[in-house]
Every structure is written in C-alpha cells, then in structure tokens.
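S.K.: First the structure, which I've put down as structure tokens, then a few questions once you've had a look.
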Amino acid sequence: MTIKVTRIAALLGITAVALTVTSCSHHKSGQAAATTPSSAAAAATSTLPPVPPVTGPKLPPFFPGPSVGANCQYPRTTEPAGKQAAPPPNGKVSTEPATIGLTFVTDRGRIPLQLANNESPCTVSSFVSLAQQAYFDNTECHRLTTARALSVLQCGDPKGDGTGGPGYQFANEFPTIQYPPGEPALKVPVVYPRGTLAMANAGPGTNGSQFFMVYRDSLLPPTYTIFGTITPAGLAVIDKIASGGVAGGGDDGKPANEVAITSARLD
C-alpha cells in the first residue's frame with residue numbers, strides 16, 4: 001500500500017509558495033475537549049534552534065454534530081497489509097470520554113498523547129484498537145521532516161519504509177469534515193500547530209496506521225485527520241530526536257537519531 005511518505009512529501013510542493021505558518025488552535029464546543037495543540041506548545045517551548053516565524057490560515061473551528069462517530073467504517077484494502085490487524089467493529093462509536101490518554105514508550109523516551117475522542121472518534125477507535133493489538137510495538141519512526149513548512153516525525157509503519165498499513169482503511173474526520181465535499185479550501189494549506197497528532201494518508205479515505213507528530217508549526221491542506229495532541233513531555237522527546245536532523249542530510253528522510261516504539265499502551 002504505497003501511501004504516507006510520497007503523499008506528504010508532495011505537499012512540500014503545494015506549500016512552496018506559502019512556506020509560512022503561525023501557531024493557532026481550533027475551537028472546541030459542545031463537549032469537554034482535548035488540550036489544544038497550541039496550548040500544549042505553550043507549555044513546552046521547543047528546545048530546537050529557532051526558525052523564522054511563519055504565518056498561514058488557521059484550522060477551522062470544530063462543530064460537533066450527529067454525524068461525528070455515527071457510522072465508522074473500516075473496509076479492507078486491496079493491497080496486502082504490512083502487518084495484519086483486525087479492524088474495529090463498524091458502526092457507531094461513542095464520543096465519550098472526550099479524551100483518552102495513550103503513551104508510546106520509545107528507546108528515546110516516553111511520548112504521552114491525549115487522543116481527541118470527541119472530535120475524531122473513528123480514528124481514535126482504530127488507533128486504540130491497533131495499540132491494544134500491539135501493532136505499534138517494535139516499529140520504527142521511519143521519517144523526519146525538517147523543512148520550515150513541514151516539521152513532523154512520522155511513525156506507525158510496521159514495514160519501516162512508508163508503505164505499510166494494517167490491511168484496512170477509513171475516512172477522514174476533523175478538520176476535513178468541517179468543509180463541504182469538494183470545497184476549494186480543502187486544497188489550501190492551513191497551520192497544523194506544534195503538538196498536533198494527525199494521520200498520514202494517500203488521499204481521502206485512505207487512513208490506516210501511519211501517523212505524524214508535529215514538532216514545529218507546519219502547513220498542510222486540511223485533509224489530514226487530527227486526532228489528538230502530544231504532551232509537553234512528549235514534545236521534549238521529539239525535539240531531541242529532531243535535533244539530530246535527517247540521516248545523510250537533507251530535510252526529509254530517516255531520522256539520524258533513530259527511534260523505535262517499544263510499546264503503546266492506554267494510560
């Protein structure tokens with residue numbers, strides 16, 4: 001399943017004209033919400049060398065509605081799985097509790113996460129299910145980007161080359177569903193703030209197991225499901241990984257400070 005790496009890499013071309021981002025947060029309403037990425041960032045100032053500040057459109061506000069979590073579907077992919085996993089049950093998924101704690105234990109330190117179950121419950125359901133199946137255990141974070149407009153650590157591929165998935169896929173959630181289908185704004189990069197946890201994909205409805213953690217404000221079209229935040233302690237670990245840069249130089253590739261997830265467990 002050739003996804004994730006090539007898809008996000010292509011976005012560097014999309015954002016080449018507007019390589020600027022600013023920290024922002026999306027509005028939560030209706031239910032208790034996860035800590036916003038921008039507030040997590042404020043509590044965990046980056047230890048990386050500063051880069052020129054960048055600006056860009058904010059994420060859209062989150063508006064809860066009856067469709068959120070109403071009918072989660074996890075169809076099988078036509079490509080073979082990088083590592084087979086059972087998908088969660090199809091159908092309605094509860095948006096309570098609003099947040100779910102999950103921690104990655106890596107050989108570089110612990111990365112605690114807060115999963116936004118109230119905003120992207122289908123995604124969280126899959127992510128928790130994979131963690132409970134030990135899907136992420138003993139997998140490498142295979143990709144680091146250090147460009148001004150895209151600074152992420154990408155993980156979740158059992159093959160370690162950016163092509164692996166669990167053998168099923170599912171639809172996008174926040175922020176994509178805040179736009180009408182086909183809305184031109186879906187192609188306009190917005191700020192994904194430092195501290196954002198989001199799914200990698202190869203286009204609409206192709207979410208699987210690969211995800212990325214934003215360690216510096218980044219510009220991406222709003223077609224990458226945000227399903228949580230990284231705690232200040234987790235960001236400190238990612239900063240240390242990112243400080244080594246990309247193996248062999250450049251701004252996109254395997255991190256020089258190699259990192260492997262040893263376990264992923266609910267708090």
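How things are named: the first chain in the structure tokens is A, the next is B, and so on; residues count from 1 in each chain; ligands count from 1 in the order shown.
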Find the spatial neighbours of stretch 203-214 of chain A, counting only C-alpha atoms, within a cut-off of 9 Å - ignore same-chain residues fewer than 4 positions away - and output them as a ChimeraX atom specification.
M.R.: /A:3-4,7,77,123,126-127,130,135-136,143,150-158,162,164-172,192-199,218,223-225,229-230,235,238
S.K.: I need the strand (DSSP E) residues of stretch 50-193 of chain A per DSSP on the backbone, written as a ChimeraX atom specification.
M.R.: /A:99-106,109-116,139-140,143-145,151-155,190-192
S.K.: Calculated over only C-alpha atoms, which of the candidates A:Ser129, A:Thr176, A:Gln114, A:Ser120 has the smallest distance to A:Ala70?
M.R.: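 The closest residue to A:Ala70 is A:Ser120.
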S.K.: Give the answer as one residue: which of A:Val51, A:Arg216, A:Gly56, A:Phe174 has the shortest atom-to-atom distance to A:Val188, using only C-alpha atoms?
M.R.: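 Smallest separation from A:Val188 among the options: A:Gly56.
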S.K.: Need to verify the contact set: A:Ser46, 12 Å, only C-alpha atoms, exclusion of same-chain residues closer than 2 positions in sequence. Can you return it as an mmCIF file with N, CA, C and O atoms, in the first residue's frame?
M.R.:
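What ended up in part-v5.cif:
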```cif
data_model
loop_
_atom_site.group_PDB
_atom_site.id
_atom_site.type_symbol
_atom_site.label_atom_id
_atom_site.label_comp_id
_atom_site.auth_asym_id
_atom_site.auth_seq_id
_atom_site.Cartn_x
_atom_site.Cartn_y
_atom_site.Cartn_z
ATOM 1 N N ALA A 40 -0.601 23.111 24.269
ATOM 2 C CA ALA A 40 0.452 22.156 24.594
ATOM 3 C C ALA A 40 1.810 22.750 24.243
ATOM 4 O O ALA A 40 2.778 22.607 24.979
ATOM 5 N N ALA A 41 1.868 23.445 23.110
ATOM 6 C CA ALA A 41 3.126 24.044 22.686
ATOM 7 C C ALA A 41 3.565 25.133 23.656
ATOM 8 O O ALA A 41 4.745 25.298 23.939
ATOM 9 N N ALA A 42 2.598 25.902 24.149
ATOM 10 C CA ALA A 42 2.943 26.981 25.072
ATOM 11 C C ALA A 42 3.574 26.433 26.339
ATOM 12 O O ALA A 42 4.421 27.077 26.958
ATOM 13 N N ALA A 43 3.154 25.234 26.732
ATOM 14 C CA ALA A 43 3.679 24.627 27.955
ATOM 15 C C ALA A 43 4.975 23.875 27.696
ATOM 16 O O ALA A 43 5.605 23.396 28.617
ATOM 17 N N ALA A 44 5.360 23.754 26.437
ATOM 18 C CA ALA A 44 6.578 23.013 26.090
ATOM 19 C C ALA A 44 7.305 23.748 24.984
ATOM 20 O O ALA A 44 7.259 23.364 23.830
ATOM 21 N N LEU A 48 14.651 23.254 20.115
ATOM 22 C CA LEU A 48 15.356 23.279 18.839
ATOM 23 C C LEU A 48 15.778 24.706 18.497
ATOM 24 O O LEU A 48 15.182 25.672 18.977
ATOM 25 N N PRO A 49 16.797 24.859 17.651
ATOM 26 C CA PRO A 49 17.180 26.207 17.217
ATOM 27 C C PRO A 49 15.987 26.918 16.592
ATOM 28 O O PRO A 49 15.204 26.303 15.849
ATOM 29 N N PRO A 50 15.811 28.198 16.888
ATOM 30 C CA PRO A 50 14.649 28.912 16.345
ATOM 31 C C PRO A 50 14.722 29.050 14.839
ATOM 32 O O PRO A 50 15.809 29.118 14.251
ATOM 33 N N VAL A 51 13.559 29.071 14.218
ATOM 34 C CA VAL A 51 13.459 29.338 12.788
ATOM 35 C C VAL A 51 12.602 30.587 12.619
ATOM 36 O O VAL A 51 11.835 30.939 13.519
ATOM 37 N N ARG A 194 2.361 23.062 16.388
ATOM 38 C CA ARG A 194 3.242 22.216 17.199
ATOM 39 C C ARG A 194 2.398 21.513 18.262
ATOM 40 O O ARG A 194 1.577 22.120 18.942
ATOM 41 N N GLY A 195 2.629 20.208 18.394
ATOM 42 C CA GLY A 195 1.870 19.425 19.357
ATOM 43 C C GLY A 195 0.705 18.663 18.761
ATOM 44 O O GLY A 195 0.019 17.927 19.461
ATOM 45 N N VAL A 214 3.579 16.613 14.954
ATOM 46 C CA VAL A 214 4.084 17.918 14.535
ATOM 47 C C VAL A 214 4.890 18.537 15.678
ATOM 48 O O VAL A 214 4.346 18.798 16.751
ATOM 49 N N TYR A 215 6.193 18.772 15.445
ATOM 50 C CA TYR A 215 7.023 19.339 16.496
ATOM 51 C C TYR A 215 7.335 20.813 16.257
ATOM 52 O O TYR A 215 7.917 21.488 17.100
ATOM 53 N N ARG A 216 6.947 21.331 15.101
ATOM 54 C CA ARG A 216 7.069 22.753 14.814
ATOM 55 C C ARG A 216 5.924 23.100 13.869
ATOM 56 O O ARG A 216 5.576 22.297 12.995
ATOM 57 N N ASP A 217 5.292 24.254 14.068
ATOM 58 C CA ASP A 217 4.140 24.615 13.245
ATOM 59 C C ASP A 217 4.386 24.275 11.781
ATOM 60 O O ASP A 217 5.440 24.606 11.236
ATOM 61 N N PRO A 232 3.578 18.095 26.693
ATOM 62 C CA PRO A 232 4.880 18.755 26.748
ATOM 63 C C PRO A 232 6.045 17.780 26.918
ATOM 64 O O PRO A 232 7.095 17.941 26.287
ATOM 65 N N ALA A 233 5.868 16.757 27.761
ATOM 66 C CA ALA A 233 6.935 15.776 27.956
ATOM 67 C C ALA A 233 7.228 15.032 26.658
ATOM 68 O O ALA A 233 8.387 14.735 26.329
ATOM 69 N N GLY A 234 6.187 14.703 25.911
ATOM 70 C CA GLY A 234 6.377 14.018 24.637
ATOM 71 C C GLY A 234 7.064 14.898 23.612
ATOM 72 O O GLY A 234 7.931 14.438 22.846
ATOM 73 N N LEU A 235 6.700 16.174 23.585
ATOM 74 C CA LEU A 235 7.340 17.101 22.653
ATOM 75 C C LEU A 235 8.824 17.252 22.947
ATOM 76 O O LEU A 235 9.644 17.384 22.030
ATOM 77 N N ALA A 236 9.180 17.217 24.218
ATOM 78 C CA ALA A 236 10.598 17.316 24.579
ATOM 79 C C ALA A 236 11.382 16.141 23.999
ATOM 80 O O ALA A 236 12.519 16.304 23.525
ATOM 81 N N VAL A 237 10.800 14.960 24.009
ATOM 82 C CA VAL A 237 11.459 13.779 23.439
ATOM 83 C C VAL A 237 11.592 13.931 21.926
ATOM 84 O O VAL A 237 12.655 13.655 21.342
ATOM 85 N N ILE A 238 10.511 14.381 21.282
ATOM 86 C CA ILE A 238 10.548 14.541 19.823
ATOM 87 C C ILE A 238 11.560 15.611 19.419
ATOM 88 O O ILE A 238 12.265 15.472 18.411
ATOM 89 N N ASP A 239 11.648 16.689 20.205
ATOM 90 C CA ASP A 239 12.648 17.725 19.917
ATOM 91 C C ASP A 239 14.063 17.141 19.898
ATOM 92 O O ASP A 239 14.887 17.482 19.042
ATOM 93 N N LYS A 240 14.349 16.261 20.852
ATOM 94 C CA LYS A 240 15.675 15.653 20.908
ATOM 95 C C LYS A 240 15.928 14.781 19.685
ATOM 96 O O LYS A 240 17.039 14.750 19.143
ATOM 97 N N ALA A 242 14.489 15.227 16.718
ATOM 98 C CA ALA A 242 14.588 16.123 15.569
ATOM 99 C C ALA A 242 15.907 16.894 15.559
ATOM 100 O O ALA A 242 16.380 17.295 14.485
ATOM 101 N N SER A 243 16.501 17.079 16.731
ATOM 102 C CA SER A 243 17.734 17.864 16.808
ATOM 103 C C SER A 243 18.880 17.228 16.020
ATOM 104 O O SER A 243 19.818 17.912 15.614
#
```
S.K.: What's the separation between atom CA of A:Asn118 and atom CA of A:Asp137, in Å to one decimal place?
M.R.: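 Distance reported for this atom pair: 25.8 Å.
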S.K.: Which residues, written as number ranges by chain, have at least one atom at most 7 Å from A:Ala116, with only C-alpha atoms counted and residues fewer than 2 positions away on the same chain left out?
M.R.: A: 34, 98-100, 114, 118-120, 227-228
S.K.: Would you mind exporting the chosen residues as a PDB file, in the first residue's frame, restricted to all heavy atoms?
M.R.:
```pdb
ATOM      1  N   ALA A  34     -10.075  18.001  24.123  1.00  0.00           N
ATOM      2  CA  ALA A  34      -8.665  17.718  24.363  1.00  0.00           C
ATOM      3  C   ALA A  34      -7.899  19.024  24.474  1.00  0.00           C
ATOM      4  O   ALA A  34      -8.325  20.060  23.982  1.00  0.00           O
ATOM      5  CB  ALA A  34      -8.101  16.893  23.208  1.00  0.00           C
ATOM      6  N   ALA A  98     -14.247  12.328  26.324  1.00  0.00           N
ATOM      7  CA  ALA A  98     -13.784  13.274  25.314  1.00  0.00           C
ATOM      8  C   ALA A  98     -12.327  13.039  24.948  1.00  0.00           C
ATOM      9  O   ALA A  98     -11.940  13.183  23.787  1.00  0.00           O
ATOM     10  CB  ALA A  98     -13.979  14.706  25.804  1.00  0.00           C
ATOM     11  N   THR A  99     -11.517  12.679  25.926  1.00  0.00           N
ATOM     12  CA  THR A  99     -10.098  12.431  25.665  1.00  0.00           C
ATOM     13  C   THR A  99      -9.682  11.089  26.244  1.00  0.00           C
ATOM     14  O   THR A  99     -10.248  10.631  27.245  1.00  0.00           O
ATOM     15  CB  THR A  99      -9.207  13.526  26.259  1.00  0.00           C
ATOM     16  OG1 THR A  99      -9.386  13.568  27.674  1.00  0.00           O
ATOM     17  CG2 THR A  99      -9.547  14.888  25.670  1.00  0.00           C
ATOM     18  N   ILE A 100      -8.711  10.476  25.589  1.00  0.00           N
ATOM     19  CA  ILE A 100      -8.166   9.193  26.027  1.00  0.00           C
ATOM     20  C   ILE A 100      -6.651   9.307  26.049  1.00  0.00           C
ATOM     21  O   ILE A 100      -6.037   9.716  25.059  1.00  0.00           O
ATOM     22  CB  ILE A 100      -8.600   8.055  25.078  1.00  0.00           C
ATOM     23  CG1 ILE A 100     -10.125   7.882  25.112  1.00  0.00           C
ATOM     24  CG2 ILE A 100      -7.904   6.742  25.440  1.00  0.00           C
ATOM     25  CD1 ILE A 100     -10.656   6.896  24.088  1.00  0.00           C
ATOM     26  N   GLN A 114      -2.683  12.708  24.167  1.00  0.00           N
ATOM     27  CA  GLN A 114      -4.075  12.852  24.530  1.00  0.00           C
ATOM     28  C   GLN A 114      -4.892  12.728  23.246  1.00  0.00           C
ATOM     29  O   GLN A 114      -4.820  13.585  22.362  1.00  0.00           O
ATOM     30  CB  GLN A 114      -4.336  14.198  25.205  1.00  0.00           C
ATOM     31  CG  GLN A 114      -3.827  14.287  26.637  1.00  0.00           C
ATOM     32  CD  GLN A 114      -4.600  13.356  27.567  1.00  0.00           C
ATOM     33  OE1 GLN A 114      -5.831  13.353  27.601  1.00  0.00           O
ATOM     34  NE2 GLN A 114      -3.868  12.554  28.335  1.00  0.00           N
ATOM     35  N   ASN A 118     -13.599  13.002  21.190  1.00  0.00           N
ATOM     36  CA  ASN A 118     -14.818  13.756  20.923  1.00  0.00           C
ATOM     37  C   ASN A 118     -14.834  14.367  19.528  1.00  0.00           C
ATOM     38  O   ASN A 118     -15.894  14.707  19.010  1.00  0.00           O
ATOM     39  CB  ASN A 118     -15.005  14.867  21.964  1.00  0.00           C
ATOM     40  CG  ASN A 118     -13.874  15.878  21.935  1.00  0.00           C
ATOM     41  OD1 ASN A 118     -12.714  15.524  21.722  1.00  0.00           O
ATOM     42  ND2 ASN A 118     -14.190  17.140  22.164  1.00  0.00           N
ATOM     43  N   GLU A 119     -13.686  14.500  18.904  1.00  0.00           N
ATOM     44  CA  GLU A 119     -13.606  15.126  17.587  1.00  0.00           C
ATOM     45  C   GLU A 119     -13.409  14.123  16.454  1.00  0.00           C
ATOM     46  O   GLU A 119     -13.978  14.287  15.373  1.00  0.00           O
ATOM     47  CB  GLU A 119     -12.463  16.140  17.564  1.00  0.00           C
ATOM     48  CG  GLU A 119     -12.697  17.339  18.454  1.00  0.00           C
ATOM     49  CD  GLU A 119     -11.586  18.361  18.351  1.00  0.00           C
ATOM     50  OE1 GLU A 119     -10.550  18.081  17.714  1.00  0.00           O
ATOM     51  OE2 GLU A 119     -11.760  19.445  18.918  1.00  0.00           O
ATOM     52  N   SER A 120     -12.591  13.113  16.670  1.00  0.00           N
ATOM     53  CA  SER A 120     -12.268  12.125  15.627  1.00  0.00           C
ATOM     54  C   SER A 120     -12.407  10.715  16.199  1.00  0.00           C
ATOM     55  O   SER A 120     -11.436   9.959  16.268  1.00  0.00           O
ATOM     56  CB  SER A 120     -10.851  12.367  15.094  1.00  0.00           C
ATOM     57  OG  SER A 120     -10.730  13.640  14.511  1.00  0.00           O
ATOM     58  N   PHE A 227      -6.261  13.882  15.457  1.00  0.00           N
ATOM     59  CA  PHE A 227      -6.968  13.039  16.427  1.00  0.00           C
ATOM     60  C   PHE A 227      -6.351  13.105  17.820  1.00  0.00           C
ATOM     61  O   PHE A 227      -6.609  12.242  18.655  1.00  0.00           O
ATOM     62  CB  PHE A 227      -7.057  11.594  15.935  1.00  0.00           C
ATOM     63  CG  PHE A 227      -5.749  10.856  15.839  1.00  0.00           C
ATOM     64  CD1 PHE A 227      -5.391   9.901  16.784  1.00  0.00           C
ATOM     65  CD2 PHE A 227      -4.881  11.093  14.789  1.00  0.00           C
ATOM     66  CE1 PHE A 227      -4.198   9.202  16.692  1.00  0.00           C
ATOM     67  CE2 PHE A 227      -3.678  10.412  14.682  1.00  0.00           C
ATOM     68  CZ  PHE A 227      -3.334   9.455  15.641  1.00  0.00           C
ATOM     69  N   GLY A 228      -5.579  14.152  18.079  1.00  0.00           N
ATOM     70  CA  GLY A 228      -5.046  14.292  19.415  1.00  0.00           C
ATOM     71  C   GLY A 228      -3.916  15.287  19.498  1.00  0.00           C
ATOM     72  O   GLY A 228      -3.607  16.007  18.532  1.00  0.00           O
TER      73      GLY A 228
END
```
S.K.: Find, counting only C-alpha atoms, the residue in A:Leu186, A:Ala247, A:Ala131, A:Val259 that gets nearest to A:Thr146.
M.R.: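 Checking each of A:Leu186, A:Ala247, A:Ala131, A:Val259 against A:Thr146, counting only C-alpha atoms, the winner is A:Ala247.
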S.K.: Identify which of the residues A:Ile111, A:Ala202, A:Ile226, A:Ala185 lies closest to A:Ser263, counting only C-alpha atoms when measuring atom-to-atom distances.
M.R.: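 Nearest to A:Ser263: A:Ile111.
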S.K.: Select from stretch 90-226 of chain A everything DSSP, run on the backbone, classes as alpha helix (DSSP H), then give the selection as an MDAnalysis selection string.
M.R.: chainID A and resid 121:132
